[in-house]
Each structure stands twice: as structure tokens, then as C-alpha cells.
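Engineer: Sharing a structure, written as C-alpha cells. Questions coming.
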Amino acid sequence: MAQNNSLQRIKAQLDPLVGKRVSVRANWGRKRITEAEGILEKTYPKIFVVALNGKTNPVKRISYTYADIITQLVEVRADNKRIGELEA
């Protein structure tokens, strides 16, 4: 139940950012960390999609789950604020 509430809280934090620039830092394990900036394209009930602007490809889309943020495999920042942190 608590995990479901956390997923809803993260989705609620991301919903107003649709169409805005975000930075994403993903830890794929074994010292493989990727950092990119893009536009938060859409939020779905279980995932969210970020459109990355690359030099070789005009637009590349990557989807992440809200659980990736909870488990800290993915860090999303917008307006110098980390998504998923508890507000004090």
C-alpha cells in the first residue's frame, strides 16, 4: 500500500512537468551511468516517457517506471528540484 502511494506521489510530481525540460541520470549498473536532458513527453499509469534530443538522432524516446525513481536507479530533475524527494 505504501509503495502504491509513493508511485502516485511521484506521478503527481511529474504530471505538471509534461512538455517541460528535465534532466535524467540513469544508473544501469557496473559503473554505467548515463546523463541526458530532454522533454517530459507523457506520463502513463506505470511509466513516463522522455524525448531526448541527440546530435545523431533527431528525437529518441526512453521510458522509465516510477519504481525506477523509488529504487534510485533513475534520478529526474526539473528546475533544480529532484523528483521523488519528500517535501519538507
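Every chain in the C-alpha cells takes a letter, A first, then B, and so on in the order presented; its residues are numbered from 1, and the ligands are numbered from 1 following the presented order.
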Quick one: residues within 6 Å of Arg25 (chain A), only C-alpha atoms counted, chain neighbours fewer than 4 positions away excluded, as a list in words?
Structural biologist: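 So, after excluding close chain neighbours, the residues are Thr34, Glu35, Val74 and Glu75 of chain A.
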Engineer: Give me, as an NGL selection string, all polymer residues having an atom no more than 12 Å from Pro16 (chain A), counting only C-alpha atoms and skipping those fewer than 5 positions away in the same chain.
Structural biologist: :A and (10-11 or 21-22 or 40-43 or 78 or 83)
Engineer: Can you work out the spacing between CA of Ser23 (chain A) and CA of Lys81 (chain A) in Å, to one decimal?
Structural biologist: 10.2 Å
Engineer: Which neighbours of region 61-63 of chain A fall inside 12 Å, counting only C-alpha atoms, when residues of the same chain fewer than 2 positions from it are skipped, and could you give them as a list in words?
Structural biologist: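 Counting only the stated atoms, we get Val24, Ala26, Ala36, Glu37, Gly38, Ile39, Leu40, Glu41, Lys42, Thr43, Tyr44, Lys46, Ile47, Phe48, Val49, Val50, Ala51, Leu52, Asn53, Gly54, Asn57, Pro58, Val59, Thr65, Tyr66, Ala67, Asp68 and Val74 of chain A.
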Engineer: Can you write just those residues out, C-alpha atoms, as a tab-separated table (two decimals), in the first residue's frame?
Structural biologist:
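Saved result, part.tsv, follows:
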chain	number	residue	atom	x	y	z
A	24	VAL	CA	17.68	12.35	-16.33
A	26	ALA	CA	20.20	6.61	-15.05
A	36	ALA	CA	20.76	13.29	-20.65
A	37	GLU	CA	18.36	16.18	-20.99
A	38	GLY	CA	15.06	16.09	-22.77
A	39	ILE	CA	11.39	16.94	-22.71
A	40	LEU	CA	8.98	15.01	-20.49
A	41	GLU	CA	6.64	13.84	-23.21
A	42	LYS	CA	3.90	11.90	-21.44
A	43	THR	CA	3.02	10.22	-18.15
A	44	TYR	CA	1.13	6.95	-18.03
A	46	LYS	CA	3.01	2.89	-14.71
A	47	ILE	CA	5.66	4.69	-16.83
A	48	PHE	CA	6.75	8.08	-18.11
A	49	VAL	CA	8.39	8.95	-21.43
A	50	VAL	CA	11.24	11.41	-22.00
A	51	ALA	CA	12.09	12.60	-25.53
A	52	LEU	CA	15.86	13.12	-25.74
A	53	ASN	CA	17.42	15.47	-28.25
A	54	GLY	CA	20.52	13.88	-29.67
A	57	ASN	CA	19.19	11.12	-33.94
A	58	PRO	CA	16.69	13.98	-34.04
A	59	VAL	CA	14.47	12.52	-31.31
A	65	THR	CA	8.97	3.39	-14.47
A	66	TYR	CA	8.08	5.29	-11.33
A	67	ALA	CA	9.63	2.39	-9.40
A	68	ASP	CA	12.99	3.28	-11.01
A	74	VAL	CA	16.85	6.87	-12.19
Engineer: Residues of chain A in alpha helix (DSSP H) according to DSSP, as an mmCIF file with C-alpha atoms, in the first residue's frame?
Structural biologist:
data_model
loop_
_atom_site.group_PDB
_atom_site.id
_atom_site.type_symbol
_atom_site.label_atom_id
_atom_site.label_comp_id
_atom_site.auth_asym_id
_atom_site.auth_seq_id
_atom_site.Cartn_x
_atom_site.Cartn_y
_atom_site.Cartn_z
ATOM 1 C CA ALA A 2 2.813 2.425 0.864
ATOM 2 C CA GLN A 3 4.578 1.699 -2.415
ATOM 3 C CA ASN A 4 1.406 2.419 -4.387
ATOM 4 C CA ASN A 5 1.086 5.741 -2.559
ATOM 5 C CA SER A 6 4.709 6.576 -3.432
ATOM 6 C CA LEU A 7 4.105 5.776 -7.101
ATOM 7 C CA GLN A 8 1.069 8.065 -7.134
ATOM 8 C CA ARG A 9 3.039 10.829 -5.406
ATOM 9 C CA ILE A 10 5.821 10.643 -7.992
ATOM 10 C CA LYS A 11 3.321 10.615 -10.867
ATOM 11 C CA ALA A 12 1.624 13.668 -9.331
ATOM 12 C CA GLN A 13 5.002 15.452 -9.226
ATOM 13 C CA LEU A 14 5.685 14.617 -12.887
ATOM 14 C CA TYR A 66 8.077 5.287 -11.329
ATOM 15 C CA ALA A 67 9.628 2.385 -9.396
ATOM 16 C CA ASP A 68 12.986 3.284 -11.012
ATOM 17 C CA ILE A 69 12.817 6.612 -9.164
ATOM 18 C CA ILE A 70 11.872 4.942 -5.867
#
Engineer: Using DSSP on the backbone coordinates, identify the residues of chain A assigned to strand (DSSP E or B); present them as a JSON list (two decimals) with C-alpha atoms, in the first residue's frame.
Structural biologist:
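Output file selection_1.json is given in full below:
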[["chain", "number", "residue", "atom", "x", "y", "z"],
["A", 21, "ARG", "CA", 12.71, 20.21, -19.96],
["A", 22, "VAL", "CA", 14.02, 17.65, -17.46],
["A", 23, "SER", "CA", 17.42, 16.08, -16.83],
["A", 24, "VAL", "CA", 17.68, 12.35, -16.33],
["A", 25, "ARG", "CA", 20.51, 10.39, -14.72],
["A", 26, "ALA", "CA", 20.20, 6.61, -15.05],
["A", 27, "ASN", "CA", 22.36, 4.00, -13.32],
["A", 33, "ILE", "CA", 25.74, 5.85, -15.75],
["A", 34, "THR", "CA", 24.07, 7.90, -18.45],
["A", 35, "GLU", "CA", 23.02, 11.53, -18.18],
["A", 36, "ALA", "CA", 20.76, 13.29, -20.65],
["A", 37, "GLU", "CA", 18.36, 16.18, -20.99],
["A", 38, "GLY", "CA", 15.06, 16.09, -22.77],
["A", 39, "ILE", "CA", 11.39, 16.94, -22.71],
["A", 40, "LEU", "CA", 8.98, 15.01, -20.49],
["A", 41, "GLU", "CA", 6.64, 13.84, -23.21],
["A", 42, "LYS", "CA", 3.90, 11.90, -21.44],
["A", 43, "THR", "CA", 3.02, 10.22, -18.15],
["A", 47, "ILE", "CA", 5.66, 4.69, -16.83],
["A", 48, "PHE", "CA", 6.75, 8.08, -18.11],
["A", 49, "VAL", "CA", 8.39, 8.95, -21.43],
["A", 50, "VAL", "CA", 11.24, 11.41, -22.00],
["A", 51, "ALA", "CA", 12.09, 12.60, -25.53],
["A", 52, "LEU", "CA", 15.86, 13.12, -25.74],
["A", 60, "LYS", "CA", 14.98, 9.44, -29.17],
["A", 61, "ARG", "CA", 12.39, 8.38, -26.61],
["A", 62, "ILE", "CA", 13.17, 6.50, -23.42],
["A", 63, "SER", "CA", 10.61, 5.25, -20.94],
["A", 64, "TYR", "CA", 11.16, 4.74, -17.24],
["A", 65, "THR", "CA", 8.97, 3.39, -14.47],
["A", 74, "VAL", "CA", 16.85, 6.87, -12.19],
["A", 75, "GLU", "CA", 17.10, 10.44, -10.96],
["A", 76, "VAL", "CA", 14.92, 13.08, -12.60],
["A", 77, "ARG", "CA", 15.47, 16.80, -12.03],
["A", 78, "ALA", "CA", 13.42, 19.76, -13.20],
["A", 81, "LYS", "CA", 14.44, 20.14, -7.93],
["A", 82, "ARG", "CA", 14.79, 16.38, -7.65]]
